[in-house]
file data_4.pdb (PDB, C-alpha atoms)
ATOM      1  CA  MET A   1      86.356 169.602 102.176
ATOM      2  CA  MET A   2      87.542 169.938 105.756
ATOM      3  CA  THR A   3      90.262 171.618 107.738
ATOM      4  CA  VAL A   4      92.434 169.738 110.194
ATOM      5  CA  PHE A   5      94.171 171.836 112.814
ATOM      6  CA  GLU A   6      97.444 170.466 114.186
ATOM      7  CA  VAL A   7      97.493 171.889 117.710
ATOM      8  CA  TYR A   8     100.498 171.888 120.034
ATOM      9  CA  LEU A   9      99.407 172.188 123.636
ATOM     10  CA  ALA A  10     100.993 174.551 126.115
ATOM     11  CA  LYS A  11     102.897 172.935 128.971
ATOM     12  CA  GLY A  12     100.537 171.750 131.673
ATOM     13  CA  SER A  13      97.483 171.694 129.412
ATOM     14  CA  SER A  14      95.514 168.483 128.979
ATOM     15  CA  GLY A  15      93.685 169.637 125.876
ATOM     16  CA  ALA A  16      90.331 169.272 127.615
ATOM     17  CA  ASP A  17      89.842 173.035 127.488
ATOM     18  CA  LEU A  18      90.768 173.623 123.832
ATOM     19  CA  LEU A  19      87.190 174.216 122.681
ATOM     20  CA  SER A  20      84.074 174.950 124.692
ATOM     21  CA  ALA A  21      81.106 172.592 124.706
ATOM     22  CA  GLU A  22      79.164 175.192 122.718
ATOM     23  CA  VAL A  23      81.823 175.400 119.991
ATOM     24  CA  LEU A  24      82.023 171.605 119.778
ATOM     25  CA  ARG A  25      78.239 171.321 119.551
ATOM     26  CA  GLU A  26      77.780 174.108 116.986
ATOM     27  CA  THR A  27      80.656 173.108 114.683
ATOM     28  CA  GLY A  28      80.743 169.338 115.095
ATOM     29  CA  ALA A  29      84.526 169.607 115.493
ATOM     30  CA  GLN A  30      86.323 166.405 116.428
ATOM     31  CA  VAL A  31      89.282 166.716 118.817
ATOM     32  CA  MET A  32      91.675 163.735 118.678
ATOM     33  CA  THR A  33      95.056 162.604 119.857
ATOM     34  CA  LEU A  34      97.417 161.415 117.116
ATOM     35  CA  LYS A  35      96.641 157.781 117.998
ATOM     36  CA  GLU A  36      92.888 158.394 117.852
ATOM     37  CA  ALA A  37      93.310 160.158 114.504
ATOM     38  CA  GLU A  38      95.210 157.203 113.052
ATOM     39  CA  LEU A  39      92.353 154.884 114.061
ATOM     40  CA  VAL A  40      89.910 156.892 111.925
ATOM     41  CA  GLY A  41      92.236 157.169 108.923
ATOM     42  CA  PHE A  42      94.283 160.336 109.435
ATOM     43  CA  GLN A  43      97.876 159.434 108.654
ATOM     44  CA  GLY A  44     101.085 160.998 107.479
ATOM     45  CA  LEU A  45     101.365 163.776 110.041
ATOM     46  CA  ASP A  46     104.848 164.158 111.455
ATOM     47  CA  PRO A  47     104.621 166.346 114.551
ATOM     48  CA  LEU A  48     107.325 168.911 115.134
ATOM     49  CA  GLU A  49     110.275 167.473 117.017
ATOM     50  CA  ASN A  50     110.215 168.063 120.802
ATOM     51  CA  SER A  51     106.836 169.740 120.443
ATOM     52  CA  GLY A  52     105.064 168.148 123.376
ATOM     53  CA  ASP A  53     101.453 167.037 123.354
ATOM     54  CA  VAL A  54      99.551 167.306 120.055
ATOM     55  CA  ARG A  55      95.826 167.297 119.242
ATOM     56  CA  LEU A  56      94.156 167.257 115.856
ATOM     57  CA  ILE A  57      90.885 169.075 115.358
ATOM     58  CA  ALA A  58      88.871 168.132 112.266
ATOM     59  CA  VAL A  59      86.112 170.524 111.229
ATOM     60  CA  ARG A  60      84.084 171.459 108.157
ATOM     61  CA  GLU A  61      85.752 174.138 106.065
ATOM     62  CA  ARG A  62      82.961 176.639 106.755
ATOM     63  CA  ASP A  63      83.613 176.434 110.528
ATOM     64  CA  ALA A  64      87.418 176.624 110.276
ATOM     65  CA  PRO A  65      87.583 180.418 110.872
ATOM     66  CA  TRP A  66      85.661 179.986 114.149
ATOM     67  CA  ILE A  67      88.038 177.249 115.343
ATOM     68  CA  HIS A  68      91.016 179.350 114.226
ATOM     69  CA  ARG A  69      89.844 182.274 116.400
ATOM     70  CA  CYS A  70      89.287 179.951 119.376
ATOM     71  CA  LEU A  71      92.791 178.524 119.082
ATOM     72  CA  GLU A  72      94.383 181.969 118.733
ATOM     73  CA  THR A  73      92.906 183.086 122.049
ATOM     74  CA  SER A  74      93.301 179.844 124.012
ATOM     75  CA  GLY A  75      95.862 179.694 126.803
ATOM     76  CA  ALA A  76      95.993 175.921 126.270
ATOM     77  CA  VAL A  77      97.609 176.360 122.825
ATOM     78  CA  ALA A  78     101.337 176.875 122.309
ATOM     79  CA  SER A  79     101.023 176.871 118.501
ATOM     80  CA  PHE A  80      98.973 175.408 115.677
ATOM     81  CA  ARG A  81      98.900 174.816 111.931
ATOM     82  CA  ALA A  82      95.928 174.311 109.616
ATOM     83  CA  HIS A  83      95.744 171.758 106.798
ATOM     84  CA  GLN A  84      93.108 171.520 104.059
ATOM     85  CA  VAL A  85      91.883 167.944 103.502
ATOM     86  CA  GLU A  86      89.648 166.713 100.707
TER      87      GLU A  86
END
call {"tool": "encode", "arguments": {"input": "data_4.pdb", "output": "structure tokens"}}
result
Amino acid sequence: MMTVFEVYLAKGSSGADLLSAEVLRETGAQVMTLKEAELVGFQGLDPLENSGDVRLIAVRERDAPWIHRCLETSGAVASFRAHQVE
């Protein structure tokens, strides 16, 4: 099972600074735009209206708490939601 985080970026953020290189390396998290996510089979996500730029972060369930903490403290994040995917 995995967790997919639906991340809404703060104004002016490019998303490049969502997760550090260390976090990406240690968790294997994949950060994608909605278009990139569709290319690898993630579909059916309707972003919030007028929400700005969105990124999806797919990660193993065991690493989801780490990603959650990173997103909570990131200035690049306006808001986020987590979804469990089988």
call {"tool": "atom_distance", "arguments": {"input": "data_4.pdb", "atom1": "atom CA of Ser13 of chain A", "atom2": "atom CA of Met1 of chain A"}}
result
29.5 Å
call {"tool": "resolve_selection", "arguments": {"input": "data_4.pdb", "expression": "the PyMOL selection byres ((chain A and resi 24) around 12)", "output": "PDB file with C-alpha atoms, keeping the file's coordinate frame"}}
result
ATOM      1  CA  ALA A  16      90.331 169.272 127.615  1.00  0.00           C
ATOM      2  CA  ASP A  17      89.842 173.035 127.488  1.00  0.00           C
ATOM      3  CA  LEU A  18      90.768 173.623 123.832  1.00  0.00           C
ATOM      4  CA  LEU A  19      87.190 174.216 122.681  1.00  0.00           C
ATOM      5  CA  SER A  20      84.074 174.950 124.692  1.00  0.00           C
ATOM      6  CA  ALA A  21      81.106 172.592 124.706  1.00  0.00           C
ATOM      7  CA  GLU A  22      79.164 175.192 122.718  1.00  0.00           C
ATOM      8  CA  VAL A  23      81.823 175.400 119.991  1.00  0.00           C
ATOM      9  CA  ARG A  25      78.239 171.321 119.551  1.00  0.00           C
ATOM     10  CA  GLU A  26      77.780 174.108 116.986  1.00  0.00           C
ATOM     11  CA  THR A  27      80.656 173.108 114.683  1.00  0.00           C
ATOM     12  CA  GLY A  28      80.743 169.338 115.095  1.00  0.00           C
ATOM     13  CA  ALA A  29      84.526 169.607 115.493  1.00  0.00           C
ATOM     14  CA  GLN A  30      86.323 166.405 116.428  1.00  0.00           C
ATOM     15  CA  VAL A  31      89.282 166.716 118.817  1.00  0.00           C
ATOM     16  CA  ILE A  57      90.885 169.075 115.358  1.00  0.00           C
ATOM     17  CA  ALA A  58      88.871 168.132 112.266  1.00  0.00           C
ATOM     18  CA  VAL A  59      86.112 170.524 111.229  1.00  0.00           C
ATOM     19  CA  ARG A  60      84.084 171.459 108.157  1.00  0.00           C
ATOM     20  CA  ASP A  63      83.613 176.434 110.528  1.00  0.00           C
ATOM     21  CA  TRP A  66      85.661 179.986 114.149  1.00  0.00           C
ATOM     22  CA  ILE A  67      88.038 177.249 115.343  1.00  0.00           C
ATOM     23  CA  CYS A  70      89.287 179.951 119.376  1.00  0.00           C
TER      24      CYS A  70
END
call {"tool": "atom_distance", "arguments": {"input": "data_4.pdb", "atom1": "atom CA of Val4 of chain A", "atom2": "atom CA of Gly75 of chain A"}}
result
19.7 Å
call {"tool": "atom_distance", "arguments": {"input": "data_4.pdb", "atom1": "atom CA of Glu86 of chain A", "atom2": "atom CA of Val54 of chain A"}}
result
21.7 Å
call {"tool": "closest_residue", "arguments": {"input": "data_4.pdb", "among": "A:Leu45, A:Lys11, A:Gln84, A:Arg55", "to": "Met32 of chain A", "atoms": "all atoms listed in the file"}}
result
A:Arg55
call {"tool": "closest_residue", "arguments": {"input": "data_4.pdb", "among": "A:Phe42, A:Ala37, A:Glu72, A:Gly52", "to": "Ser14 of chain A", "atoms": "all atoms listed in the file"}}
result
A:Gly52
call {"tool": "closest_residue", "arguments": {"input": "data_4.pdb", "among": "A:Ala82, A:Val7, A:Leu34, A:Val40", "to": "Ala64 of chain A", "atoms": "all atoms listed in the file"}}
result
A:Ala82
